[in-house]
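Working notes, beginning with the structure itself.
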4 protein chains.
Amino acid sequence: MIIINFKTYLEATGKKAVELAKKAEKASKETGVYIGVTPQFCDIKSVAEAVEIPVYAQHIDPIRPGSNTGHILAEAVKEAGAIGTLINHSEKQIKLADIDAVIKLANQESLISCVCTSNPPISAAVAYLNPDIISIEPPELIGTGVAVSKAQPEAVTNTIKLVRKVNNEAIILCGAGISHGEDVAVALKLKTQGVLVASAIVKAKDPYSIIREFANATKQ
Amino acid sequence: MIIINFKTYLEATGKKAVELAKKAEKASKETGVYIGVTPQFCDIKSVAEAVEIPVYAQHIDPIRPGSNTGHILAEAVKEAGAIGTLINHSEKQIKLADIDAVIKLANQESLISCVCTSNPPISAAVAYLNPDIISIEPPELIGTGVAVSKAQPEAVTNTIKLVRKVNNEAIILCGAGISHGEDVAVALKLKTQGVLVASAIVKAKDPYSIIREFANATKQ
Amino acid sequence: MIIINFKTYLEATGKKAVELAKKAEKASKETGVYIGVTPQFCDIKSVAEAVEIPVYAQHIDPIRPGSNTGHILAEAVKEAGAIGTLINHSEKQIKLADIDAVIKLANQESLISCVCTSNPPISAAVAYLNPDIISIEPPELIGTGVAVSKAQPEAVTNTIKLVRKVNNEAIILCGAGISHGEDVAVALKLKTQGVLVASAIVKAKDPYSIIREFANATKQ
Amino acid sequence: MIIINFKTYLEATGKKAVELAKKAEKASKETGVYIGVTPQFCDIKSVAEAVEIPVYAQHIDPIRPGSNTGHILAEAVKEAGAIGTLINHSEKQIKLADIDAVIKLANQESLISCVCTSNPPISAAVAYLNPDIISIEPPELIGTGVAVSKAQPEAVTNTIKLVRKVNNEAIILCGAGISHGEDVAVALKLKTQGVLVASAIVKAKDPYSIIREFANATKQ
């Protein structure tokens with residue numbers, strides 16, 4: 001499983017978000033690997049209309065329909081075509097009680113909840129809240145090109161051990177610093193089920209070939 | 001000038017956002033009155049493609065392209081079709097320095113900046129930051145059905161006086177509690193140049209007729 | 001164990017904070033019950049100098065010494081005389097990663113960490129972060145005079161069950177709505193080890209007698 | 001006028017806050033220059049009891065007495081001995097509406113309001129809210145040792161010009177990067193009425209001699 005976070009990169013905004021999503025779809029169809037994309041809110045609809053691969057929102061707010069100008073409504077991202085959402089990304093962290101509330105909101109709207117966490121105890125804490133996916137991302141590695149699966153393999157294995165104590169169902173992804181197919185392979189060897197990646201793909205000269213490299217690595 | 005804030009009302013989400021925008025466009029074309037709409041981020045693109053009237057974002061973040069997962073990028077709302085943005089709505093208030101930063105960002109991206117403010121001195125303070133539009137909205141009246149132009153006419157006239165001391169160019173709107181055509185007429189008589197409205201239109205059984213009523217009132 | 005949260009009540013500010021703490025100390029000495037007090041930051045030092053019972057801060061920020069104007073430094077509350085701190089009170093909620101960081105900071109400074117939580121899964125999530133004390137406080141009951149131990153006994157027992165799965169050491173307190181000695185007795189019968197209380201004591205005509213009532217109830 | 005911000009430096013925490021305040025008091029008495037100190041909340045009372053020079057809080061929250069665990073109550077800092085407060089320091093920025101609310105709260109409690117601002121238009125915006133003191137602090141210079149009065153003299157003079165258009169009474173201070181007596185002298189030559197300083201004094205080997213140097217510079 002590969003989820004590509006488009007962040008607010010210009011290389012993945014507007015038309016370019018659609019183009020990048022199509023490359024991800026091509027790689028997904030060719031390899032049979034689950035590849036999801038996470039465009040900005042404004043781009044969810046056009047991306048979801050252009051591709052058949054899963055589209056995630058980058059965040060939703062713990063709100064119900066009503067007077068919440070400027071906030072992100074679960075119902076809105078869903079109607080736009082998202083099938084899931086990131087929650088608590090290191091660049092958009094929220095209060096503990098809101099993580100819980102947003103996971104429940106996502107459930108109600110049948111959106112897949114993917115909670116981003118940093119260290120092992122925090123990941124295990126989140127496991128108790130029953131998200132569908134937990135993505136481990138030590139903030140100090142994000143965007144460095146140093147993969148968490150290689151720099152901190154024990155962080156990954158410890159996290160999995162702690163998470164599995166209380167939660168056998170959540171999918172566990174590994175994020176932060178994933179740059180090469182080899183990083184992906186290591187991540188899977190450590191018993192994660194995939195990766196959450198951003199700059200390595202979005203900023204690449206040839207994103208398609210990197211996506212293919214990553215997808216291939218998940219199949220070894 | 002009428003700007004309709006769709007907030008996160010289900011009655012103005014997804015397909016319904018497009019339908020409502022079309023009603024606003026019809027009223028605008030029939031009356032010649034400037035009517036803008038402010039859908040959720042996910043709906044900006046489909047609304048902007050469906051209508052020719054101006055589309056505003058509800059908020060943008062003080063960020064540049066890059067690693068800002070879950071944030072609102074000026075470039076993204078613009079490419080989606082927005083021509084302006086609300087800033088500092090009472091439901092999405094931001095720091096003073098960020099109001100300044102976001103007005104400048106909007107300028108750079110040729111987005112119209114519409115800053116929402118509450119009392120007269122705050123409105124005058126914002127006037128110094130040179131936004132294109134200032135919308136006066138005492139938070140205690142929002143959603144009450146009691147119009148600021150009637151409940152606090154002196155708030156409106158004082159604000160205009162203070163704002164004009166330092167800024168002769170900003171358009172001044174009046175928000176909060178506008179429910180009837182009469183409220184709109186009073187607002188204009190007090191020398192505002194229009195209204196920012198939400199529930200009175202979005203929650204109406206027949207939004208089109210209310211929009212027409214408001215548009216007619218601006219022409220008297 | 002009883003912890004009294006002084007919040008920002010005028011009845012527990014400045015000189016009155018010291019007076020109230022002395023009443024708590026009297027009740028503690030007479031009954032042998034552990035009674036802690038939680039004054040505002042400005043009052044920690046004078047309270048800690050006036051009484052021998054444990055003094056807690058209401059919050060500390062996840063910061064190190066340096067350029068953090070307006071923030072709460074662990075070292076500062078400790079030097080003022082606090083021996084512990086509330087963390088993530090429902091009126092001062094923080095991000096999940098910050099709860100983890102602040103618990104660690106408290107450990108480093110030998111401050112007792114008392115994390116406030118709302119529902120059972122959130123409490124269990126926090127248990128993984130190894131705070132010294134977990135205080136269960138459903139926000140909807142705070143200040144209502146309806147005790148969590150009576151209104152939601154299953155919330156309390158479920159929480160304890162979940163927490164004990166991963167953490168056998170944390171003290172578990174029960175907050176929110178505790179008004180009568182009976183509420184305290186019920187809380188203990190449900191296997192919590194004490195209560196975190198505020199208005200019932202601070203706002204009482206005769207705080208001393210309520211503290212005594214609560215302290216007596218913990219001994220039955 | 002010199003205000004010394006103690007921030008959360010260990011060199012100005014607890015006992016050391018009192019010692020530093022005494023040095024400031026000595027320099028103030030010897031030179032006749034107004035020198036205020038801004039210790040952490042926990043230290044306000046002991047500093048205010050130890051010295052006769054003015055003591056400021058670093059921040060107050062826009063709250064009234066009641067259920068605000070972990071927040072800073074105007075009444076509490078006042079009873080502890082503060083005679084004023086910083087507002088919106090660059091390290092503790094608040095929403096525009098809160099700046100207005102906190103200035104009013106400070107007025108009600110007879111606390112001197114000192115609002116920190118960054119660029120000229122923001123400073124002028126704040127001038128409209130009638131604080132007692134405006135302290136100009138471009139965030140990019142804070143802690144750099146490069147004085148705003150020297151690096152950006154036009155920022156200072158522009159600010160004063162804009163502020164004076166709408167407000168003839170507020171005292172204008174200049175912060176950020178003030179390191180030498182000469183910086184202070186330049187600041188005054190540019191028609192500010194004093195400086196807000198932090199690291200240059202708190203981190204100095206001999207804080208007293210720096211305070212004297214600054215105090216002397218204000219008298220030339």
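All residue names refer to the structure tokens as shown: chains lettered A, B, ... in order, residues numbered from 1 in each chain, ligands numbered from 1 in order.
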
So that I can see what lies close to stretch 122-137 of chain A, please list as a short mmCIF file (atom, residue, chain, number, x, y, z; two decimals) with all heavy atoms, in the first residue's frame the residues with an atom at most 8 Å from it, counting only C-alpha atoms and leaving out residues fewer than 2 positions away in the same chain.
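Below you can see around.cif, which holds the result:
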data_model
loop_
_atom_site.label_atom_id
_atom_site.label_comp_id
_atom_site.auth_asym_id
_atom_site.auth_seq_id
_atom_site.Cartn_x
_atom_site.Cartn_y
_atom_site.Cartn_z
N SER A 90 1.78 15.50 10.83
CA SER A 90 2.70 16.29 11.66
C SER A 90 2.63 17.77 11.32
O SER A 90 2.97 18.62 12.14
CB SER A 90 4.13 15.79 11.51
OG SER A 90 4.57 16.00 10.19
N ASP A 100 -9.81 11.57 18.32
CA ASP A 100 -10.88 10.61 18.61
C ASP A 100 -12.17 11.01 17.89
O ASP A 100 -12.83 10.18 17.24
CB ASP A 100 -11.10 10.56 20.12
CG ASP A 100 -12.14 9.54 20.53
OD1 ASP A 100 -11.99 8.36 20.17
OD2 ASP A 100 -13.11 9.91 21.22
N ILE A 103 -11.87 10.51 14.04
CA ILE A 103 -11.93 9.09 13.63
C ILE A 103 -13.40 8.64 13.62
O ILE A 103 -13.85 7.97 12.69
CB ILE A 103 -11.11 8.21 14.60
CG1 ILE A 103 -9.61 8.49 14.44
CG2 ILE A 103 -11.39 6.73 14.37
CD1 ILE A 103 -8.72 7.80 15.47
N ILE A 112 -12.14 6.25 5.22
CA ILE A 112 -11.02 5.56 5.85
C ILE A 112 -10.20 6.57 6.65
O ILE A 112 -9.87 7.64 6.15
CB ILE A 112 -10.12 4.92 4.77
CG1 ILE A 112 -10.91 3.84 4.02
CG2 ILE A 112 -8.85 4.35 5.38
CD1 ILE A 112 -10.20 3.32 2.78
N SER A 113 -9.92 6.23 7.89
CA SER A 113 -9.17 7.16 8.75
C SER A 113 -7.71 6.72 8.81
O SER A 113 -7.42 5.60 9.19
CB SER A 113 -9.77 7.17 10.15
OG SER A 113 -9.87 5.86 10.68
N CYS A 114 -6.83 7.63 8.43
CA CYS A 114 -5.38 7.36 8.46
C CYS A 114 -4.72 8.36 9.38
O CYS A 114 -4.51 9.52 9.01
CB CYS A 114 -4.81 7.46 7.04
SG CYS A 114 -3.01 7.31 7.00
N VAL A 115 -4.42 7.94 10.61
CA VAL A 115 -3.86 8.84 11.61
C VAL A 115 -2.33 8.80 11.56
O VAL A 115 -1.74 7.72 11.60
CB VAL A 115 -4.35 8.48 13.03
CG1 VAL A 115 -3.75 9.45 14.05
CG2 VAL A 115 -5.87 8.51 13.10
N CYS A 116 -1.72 9.96 11.46
CA CYS A 116 -0.27 10.05 11.45
C CYS A 116 0.23 10.23 12.88
O CYS A 116 -0.34 11.01 13.65
CB CYS A 116 0.19 11.22 10.59
SG CYS A 116 -0.40 11.09 8.89
N THR A 117 1.28 9.54 13.21
CA THR A 117 1.82 9.60 14.57
C THR A 117 3.33 9.70 14.50
O THR A 117 3.93 9.48 13.45
CB THR A 117 1.45 8.33 15.36
OG1 THR A 117 2.03 7.21 14.69
CG2 THR A 117 -0.05 8.16 15.45
N SER A 118 3.95 10.01 15.63
CA SER A 118 5.41 10.14 15.60
C SER A 118 6.09 8.96 16.29
O SER A 118 6.45 7.99 15.63
CB SER A 118 5.84 11.48 16.19
OG SER A 118 5.12 11.79 17.36
N ASN A 119 6.22 8.97 17.60
CA ASN A 119 7.02 7.92 18.24
C ASN A 119 6.18 6.69 18.63
O ASN A 119 4.96 6.71 18.54
CB ASN A 119 7.77 8.50 19.45
CG ASN A 119 6.81 9.01 20.51
OD1 ASN A 119 5.73 8.46 20.68
ND2 ASN A 119 7.19 10.05 21.21
N PRO A 120 6.82 5.61 19.08
CA PRO A 120 6.08 4.39 19.40
C PRO A 120 4.94 4.56 20.41
O PRO A 120 3.81 4.13 20.12
CB PRO A 120 7.17 3.43 19.92
CG PRO A 120 8.42 3.88 19.24
CD PRO A 120 8.28 5.37 19.12
N PRO A 139 8.75 13.26 13.08
CA PRO A 139 8.82 14.57 12.44
C PRO A 139 10.24 14.97 12.05
O PRO A 139 10.44 15.66 11.06
CB PRO A 139 8.27 15.54 13.49
CG PRO A 139 7.69 14.73 14.59
CD PRO A 139 8.15 13.31 14.42
N LEU A 141 12.44 13.35 10.68
CA LEU A 141 12.92 12.74 9.43
C LEU A 141 12.16 13.23 8.20
O LEU A 141 12.62 13.05 7.07
CB LEU A 141 12.81 11.21 9.50
CG LEU A 141 13.67 10.52 10.55
CD1 LEU A 141 13.51 9.02 10.47
CD2 LEU A 141 15.14 10.90 10.38
N ILE A 142 10.98 13.84 8.42
CA ILE A 142 10.15 14.23 7.28
C ILE A 142 10.92 15.15 6.34
O ILE A 142 11.49 16.17 6.75
CB ILE A 142 8.86 14.92 7.76
CG1 ILE A 142 7.99 13.91 8.48
CG2 ILE A 142 8.10 15.54 6.58
CD1 ILE A 142 6.69 14.47 9.00
N VAL A 148 12.69 6.50 7.75
CA VAL A 148 12.47 6.02 9.11
C VAL A 148 12.76 4.52 9.19
O VAL A 148 13.27 4.02 10.19
CB VAL A 148 11.03 6.34 9.58
CG1 VAL A 148 10.00 5.68 8.70
CG2 VAL A 148 10.83 5.91 11.02
N VAL A 156 10.23 1.49 14.23
CA VAL A 156 9.16 0.81 13.49
C VAL A 156 8.75 -0.48 14.18
O VAL A 156 7.56 -0.72 14.42
CB VAL A 156 9.61 0.54 12.04
CG1 VAL A 156 8.55 -0.24 11.29
CG2 VAL A 156 9.91 1.86 11.32
N THR A 159 7.03 0.11 17.48
CA THR A 159 5.69 0.64 17.28
C THR A 159 4.72 -0.49 16.95
O THR A 159 3.63 -0.59 17.53
CB THR A 159 5.68 1.66 16.13
OG1 THR A 159 6.58 2.70 16.48
CG2 THR A 159 4.30 2.22 15.92
N LEU A 162 3.93 -2.55 20.04
CA LEU A 162 3.03 -1.86 20.97
C LEU A 162 1.62 -1.78 20.38
O LEU A 162 0.63 -2.00 21.08
CB LEU A 162 3.54 -0.44 21.26
CG LEU A 162 4.73 -0.32 22.21
CD1 LEU A 162 5.16 1.15 22.30
CD2 LEU A 162 4.37 -0.83 23.59
N VAL A 163 1.53 -1.43 19.12
CA VAL A 163 0.22 -1.30 18.49
C VAL A 163 -0.52 -2.63 18.52
O VAL A 163 -1.71 -2.70 18.86
CB VAL A 163 0.35 -0.80 17.04
CG1 VAL A 163 -0.96 -0.96 16.28
CG2 VAL A 163 0.80 0.67 17.02
N VAL A 166 -2.80 -3.98 21.40
CA VAL A 166 -4.19 -3.56 21.62
C VAL A 166 -5.01 -3.49 20.35
O VAL A 166 -6.22 -3.24 20.40
CB VAL A 166 -4.25 -2.17 22.30
CG1 VAL A 166 -3.68 -2.24 23.71
CG2 VAL A 166 -3.51 -1.12 21.49
N ASN A 167 -4.37 -3.67 19.21
CA ASN A 167 -5.10 -3.46 17.96
C ASN A 167 -4.50 -4.37 16.88
O ASN A 167 -3.37 -4.16 16.45
CB ASN A 167 -4.98 -1.98 17.57
CG ASN A 167 -5.78 -1.64 16.32
OD1 ASN A 167 -5.83 -2.44 15.38
ND2 ASN A 167 -6.39 -0.48 16.32
N GLU A 169 -6.04 -4.93 13.93
CA GLU A 169 -6.66 -4.70 12.64
C GLU A 169 -6.11 -3.52 11.86
O GLU A 169 -6.12 -3.53 10.63
CB GLU A 169 -8.17 -4.52 12.83
CG GLU A 169 -8.79 -5.82 13.35
CD GLU A 169 -10.28 -5.70 13.55
OE1 GLU A 169 -10.87 -4.70 13.09
OE2 GLU A 169 -10.85 -6.60 14.19
N ALA A 170 -5.65 -2.50 12.56
CA ALA A 170 -5.19 -1.31 11.85
C ALA A 170 -4.05 -1.64 10.90
O ALA A 170 -3.16 -2.43 11.23
CB ALA A 170 -4.74 -0.24 12.84
N ILE A 171 -4.10 -1.06 9.72
CA ILE A 171 -2.98 -1.14 8.79
C ILE A 171 -1.90 -0.20 9.31
O ILE A 171 -2.20 0.91 9.75
CB ILE A 171 -3.43 -0.71 7.38
CG1 ILE A 171 -4.39 -1.76 6.82
CG2 ILE A 171 -2.24 -0.49 6.46
CD1 ILE A 171 -5.05 -1.34 5.53
N ILE A 172 -0.65 -0.63 9.27
CA ILE A 172 0.43 0.24 9.74
C ILE A 172 1.31 0.64 8.55
O ILE A 172 1.84 -0.20 7.84
CB ILE A 172 1.29 -0.47 10.81
CG1 ILE A 172 0.40 -0.84 12.01
CG2 ILE A 172 2.43 0.44 11.26
CD1 ILE A 172 1.14 -1.60 13.11
N LEU A 173 1.40 1.95 8.34
CA LEU A 173 2.27 2.48 7.30
C LEU A 173 3.48 3.14 7.95
O LEU A 173 3.48 3.45 9.14
CB LEU A 173 1.55 3.53 6.45
CG LEU A 173 0.28 3.10 5.73
CD1 LEU A 173 -0.25 4.27 4.89
CD2 LEU A 173 0.53 1.88 4.85
N CYS A 174 4.44 3.38 7.12
CA CYS A 174 5.69 3.97 7.58
C CYS A 174 5.93 5.19 6.69
O CYS A 174 5.91 5.08 5.46
CB CYS A 174 6.75 2.89 7.40
SG CYS A 174 8.40 3.39 7.74
N GLY A 175 6.11 6.35 7.29
CA GLY A 175 6.32 7.55 6.48
C GLY A 175 7.64 8.18 6.83
O GLY A 175 8.42 7.64 7.59
N ALA A 176 7.91 9.32 6.27
CA ALA A 176 9.08 10.13 6.62
C ALA A 176 10.36 9.62 5.99
O ALA A 176 10.90 8.59 6.37
CB ALA A 176 9.26 10.22 8.14
N VAL A 195 3.67 2.43 2.75
CA VAL A 195 4.34 3.70 3.04
C VAL A 195 3.45 4.89 2.69
O VAL A 195 2.58 4.82 1.82
CB VAL A 195 5.65 3.83 2.23
CG1 VAL A 195 6.69 2.81 2.71
CG2 VAL A 195 5.41 3.67 0.74
N LEU A 196 3.67 5.97 3.44
CA LEU A 196 3.07 7.28 3.13
C LEU A 196 4.22 8.16 2.68
O LEU A 196 5.17 8.39 3.44
CB LEU A 196 2.40 7.86 4.38
CG LEU A 196 1.86 9.29 4.28
CD1 LEU A 196 0.79 9.40 3.20
CD2 LEU A 196 1.27 9.75 5.61
N LEU C 96 -1.82 15.75 20.81
CA LEU C 96 -1.37 14.45 21.32
C LEU C 96 0.14 14.41 21.51
O LEU C 96 0.64 13.99 22.56
CB LEU C 96 -1.80 13.35 20.34
CG LEU C 96 -1.26 11.95 20.63
CD1 LEU C 96 -1.65 11.49 22.02
CD2 LEU C 96 -1.77 10.97 19.58
N ALA C 97 0.90 14.88 20.51
CA ALA C 97 2.36 14.82 20.62
C ALA C 97 2.85 15.69 21.77
O ALA C 97 3.87 15.39 22.39
CB ALA C 97 3.01 15.27 19.31
N ASP C 100 2.50 13.85 25.14
CA ASP C 100 3.65 12.96 25.31
C ASP C 100 4.89 13.76 25.72
O ASP C 100 5.59 13.39 26.67
CB ASP C 100 3.91 12.24 23.98
CG ASP C 100 5.06 11.24 24.07
OD1 ASP C 100 5.00 10.37 24.96
OD2 ASP C 100 6.00 11.34 23.27
N PRO C 121 -11.78 5.35 25.56
CA PRO C 121 -10.63 5.10 24.68
C PRO C 121 -9.54 6.16 24.77
O PRO C 121 -8.35 5.85 24.70
CB PRO C 121 -11.24 5.05 23.27
CG PRO C 121 -12.65 5.49 23.40
CD PRO C 121 -13.05 5.40 24.82
N ILE C 122 -9.94 7.41 24.95
CA ILE C 122 -8.93 8.46 25.10
C ILE C 122 -8.11 8.24 26.37
O ILE C 122 -6.89 8.41 26.37
CB ILE C 122 -9.60 9.86 25.10
CG1 ILE C 122 -10.13 10.19 23.71
CG2 ILE C 122 -8.61 10.92 25.56
CD1 ILE C 122 -10.87 11.51 23.63
N ALA C 124 -7.51 5.40 27.78
CA ALA C 124 -6.63 4.26 27.55
C ALA C 124 -5.46 4.66 26.66
O ALA C 124 -4.33 4.22 26.86
CB ALA C 124 -7.42 3.12 26.93
N ALA C 125 -5.75 5.51 25.68
CA ALA C 125 -4.69 6.00 24.81
C ALA C 125 -3.62 6.70 25.65
O ALA C 125 -2.42 6.45 25.50
CB ALA C 125 -5.25 6.96 23.75
N VAL C 126 -4.07 7.55 26.55
CA VAL C 126 -3.13 8.28 27.40
C VAL C 126 -2.36 7.33 28.31
O VAL C 126 -1.19 7.58 28.63
CB VAL C 126 -3.89 9.35 28.22
CG1 VAL C 126 -3.06 9.83 29.40
CG2 VAL C 126 -4.25 10.52 27.31
N ALA C 127 -3.00 6.24 28.73
CA ALA C 127 -2.33 5.29 29.63
C ALA C 127 -1.02 4.80 29.03
O ALA C 127 -0.07 4.50 29.74
CB ALA C 127 -3.26 4.12 29.92
N TYR C 128 -0.99 4.72 27.71
CA TYR C 128 0.20 4.25 27.01
C TYR C 128 1.36 5.23 27.13
O TYR C 128 2.52 4.88 26.88
CB TYR C 128 -0.12 4.07 25.52
CG TYR C 128 -0.02 2.65 25.07
CD1 TYR C 128 -1.02 2.08 24.29
CD2 TYR C 128 1.06 1.85 25.41
CE1 TYR C 128 -0.95 0.76 23.87
CE2 TYR C 128 1.15 0.53 25.00
CZ TYR C 128 0.15 -0.01 24.24
OH TYR C 128 0.22 -1.30 23.82
N LEU C 129 1.05 6.46 27.46
CA LEU C 129 2.09 7.48 27.55
C LEU C 129 2.68 7.56 28.96
O LEU C 129 3.53 8.39 29.23
CB LEU C 129 1.54 8.83 27.10
CG LEU C 129 0.89 8.84 25.71
CD1 LEU C 129 0.31 10.22 25.40
CD2 LEU C 129 1.88 8.44 24.62
#

Closest pair table for chain C residues within 7 Å of chain D, only C-alpha atoms, as a Markdown table:
| residue | atom | partner | partner_atom | distance |
| --- | --- | --- | --- | --- |
| C:Lys7 | CA | D:Thr69 | CA | 4.4 |
| C:Thr8 | CA | D:Gly66 | CA | 5.1 |
| C:Tyr9 | CA | D:Gly66 | CA | 4.6 |
| C:Leu10 | CA | D:Pro65 | CA | 5.8 |
| C:Thr13 | CA | D:Ala76 | CA | 6.1 |
| C:Gly14 | CA | D:Glu79 | CA | 6.0 |
| C:Phe41 | CA | D:Cys42 | CA | 5.1 |
| C:Cys42 | CA | D:Cys42 | CA | 4.7 |
| C:Ile44 | CA | D:Cys42 | CA | 6.6 |
| C:Lys45 | CA | D:Cys42 | CA | 6.8 |
| C:Gln58 | CA | D:Gly70 | CA | 4.8 |
| C:His59 | CA | D:Gly70 | CA | 5.2 |
| C:Pro65 | CA | D:Tyr9 | CA | 5.2 |
| C:Gly66 | CA | D:Tyr9 | CA | 4.6 |
| C:Ser67 | CA | D:Lys7 | CA | 5.7 |
| C:Asn68 | CA | D:Thr8 | CA | 5.6 |
| C:Thr69 | CA | D:Lys7 | CA | 4.4 |
| C:Gly70 | CA | D:Gln58 | CA | 4.8 |
| C:Leu73 | CA | D:Thr8 | CA | 6.5 |
| C:Ala76 | CA | D:Thr13 | CA | 6.1 |
| C:Val77 | CA | D:Cys42 | CA | 6.3 |
| C:Glu79 | CA | D:Gly14 | CA | 6.0 |
| C:Ala80 | CA | D:Cys42 | CA | 6.3 |
| C:His89 | CA | D:Thr69 | CA | 7.0 |
| C:Glu91 | CA | D:Thr69 | CA | 5.6 |
| C:Lys92 | CA | D:Gly70 | CA | 6.1 |

Using N, CA, C and O atoms, can you export the residues from the last selection as a short mmCIF file (atom, residue, chain, number, x, y, z; two decimals), in the first residue's frame?
data_model
loop_
_atom_site.label_atom_id
_atom_site.label_comp_id
_atom_site.auth_asym_id
_atom_site.auth_seq_id
_atom_site.Cartn_x
_atom_site.Cartn_y
_atom_site.Cartn_z
N LYS C 7 -8.86 26.54 39.21
CA LYS C 7 -9.21 27.21 37.95
C LYS C 7 -8.84 28.70 38.00
O LYS C 7 -7.82 29.05 38.60
N THR C 8 -9.64 29.56 37.38
CA THR C 8 -9.39 31.00 37.51
C THR C 8 -10.52 31.66 38.30
O THR C 8 -10.93 32.77 38.01
N TYR C 9 -11.03 30.93 39.29
CA TYR C 9 -12.08 31.50 40.14
C TYR C 9 -11.50 32.61 41.00
O TYR C 9 -10.44 32.45 41.61
N LEU C 10 -12.22 33.71 41.10
CA LEU C 10 -11.78 34.79 42.00
C LEU C 10 -11.75 34.31 43.44
O LEU C 10 -10.94 34.77 44.24
N THR C 13 -8.18 33.06 44.05
CA THR C 13 -7.11 33.85 43.42
C THR C 13 -6.38 34.66 44.49
O THR C 13 -7.01 35.21 45.39
N GLY C 14 -5.06 34.74 44.38
CA GLY C 14 -4.27 35.59 45.28
C GLY C 14 -4.38 35.15 46.74
O GLY C 14 -4.21 33.98 47.05
N PHE C 41 -0.90 30.05 38.16
CA PHE C 41 0.56 30.15 38.13
C PHE C 41 1.09 31.23 39.07
O PHE C 41 2.07 31.04 39.77
N CYS C 42 0.41 32.38 39.06
CA CYS C 42 0.86 33.51 39.87
C CYS C 42 0.80 33.21 41.36
O CYS C 42 1.44 33.89 42.15
N ILE C 44 1.23 30.01 42.74
CA ILE C 44 1.90 28.77 43.15
C ILE C 44 2.87 29.03 44.30
O ILE C 44 2.86 28.33 45.31
N LYS C 45 3.68 30.08 44.16
CA LYS C 45 4.73 30.29 45.15
C LYS C 45 4.16 30.61 46.53
O LYS C 45 4.55 30.00 47.53
N GLN C 58 -1.47 24.17 36.85
CA GLN C 58 -2.65 23.83 36.05
C GLN C 58 -2.28 23.40 34.64
O GLN C 58 -3.12 22.87 33.90
N HIS C 59 -1.02 23.62 34.26
CA HIS C 59 -0.61 23.35 32.89
C HIS C 59 0.88 23.66 32.80
O HIS C 59 1.38 24.50 33.53
N PRO C 65 13.83 25.99 28.37
CA PRO C 65 14.17 27.37 28.72
C PRO C 65 14.60 28.14 27.47
O PRO C 65 15.25 27.57 26.60
N GLY C 66 14.24 29.41 27.38
CA GLY C 66 14.66 30.20 26.22
C GLY C 66 13.65 31.25 25.84
O GLY C 66 13.06 31.90 26.69
N SER C 67 13.47 31.40 24.53
CA SER C 67 12.64 32.49 24.02
C SER C 67 11.20 32.04 23.85
O SER C 67 10.76 31.66 22.76
N ASN C 68 10.46 32.04 24.94
CA ASN C 68 9.08 31.60 24.92
C ASN C 68 8.22 32.51 25.78
O ASN C 68 7.53 32.07 26.71
N THR C 69 8.26 33.78 25.45
CA THR C 69 7.50 34.77 26.21
C THR C 69 6.04 34.33 26.38
O THR C 69 5.40 33.90 25.42
N GLY C 70 5.55 34.42 27.61
CA GLY C 70 4.14 34.12 27.85
C GLY C 70 3.83 32.65 28.04
O GLY C 70 2.67 32.29 28.24
N LEU C 73 6.95 27.40 31.84
CA LEU C 73 8.16 26.59 31.86
C LEU C 73 8.12 25.63 33.05
O LEU C 73 7.88 26.04 34.18
N ALA C 76 10.12 26.64 35.96
CA ALA C 76 9.61 27.78 36.73
C ALA C 76 8.54 27.36 37.73
O ALA C 76 8.54 27.81 38.87
N VAL C 77 7.62 26.50 37.31
CA VAL C 77 6.58 26.07 38.25
C VAL C 77 7.21 25.23 39.36
O VAL C 77 6.77 25.27 40.51
N GLU C 79 10.39 25.50 40.55
CA GLU C 79 11.11 26.35 41.51
C GLU C 79 10.13 27.13 42.38
O GLU C 79 10.42 27.41 43.54
N ALA C 80 8.96 27.44 41.82
CA ALA C 80 7.95 28.15 42.62
C ALA C 80 7.36 27.26 43.70
O ALA C 80 6.73 27.75 44.64
N HIS C 89 -6.01 19.49 30.59
CA HIS C 89 -7.34 19.72 31.18
C HIS C 89 -8.33 20.08 30.07
O HIS C 89 -7.93 20.70 29.08
N GLU C 91 -10.23 22.31 29.67
CA GLU C 91 -10.23 23.74 29.36
C GLU C 91 -8.89 24.21 28.79
O GLU C 91 -8.72 25.38 28.47
N LYS C 92 -7.95 23.31 28.67
CA LYS C 92 -6.63 23.65 28.14
C LYS C 92 -6.06 22.43 27.42
O LYS C 92 -5.00 21.91 27.78
#

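Atom pair atom CA of C:Lys205 / atom CA of C:Val18 has a distance of 16.6 Å (rounded to one decimal).
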
Exercise for review: Looking only at alpha helix (DSSP H) from DSSP on the backbone, list the matching residues of stretch 5-98 of chain D as a ChimeraX atom specification.
Suggested key: /D:15-31,44-50,74-80,96-98

Review point. Near B:Ile211, counting only C-alpha atoms, which residues have an atom at most 7 Å away, once you skip same-chain residues fewer than 5 positions from it, shown as a ChimeraX atom specification?
Key: /B:24,27,201

Practice item. Give me, please, the distance in Å between atom CA of A:Gly194 and atom CA of A:Thr218, quoted to one decimal. Key: 7.3 Å
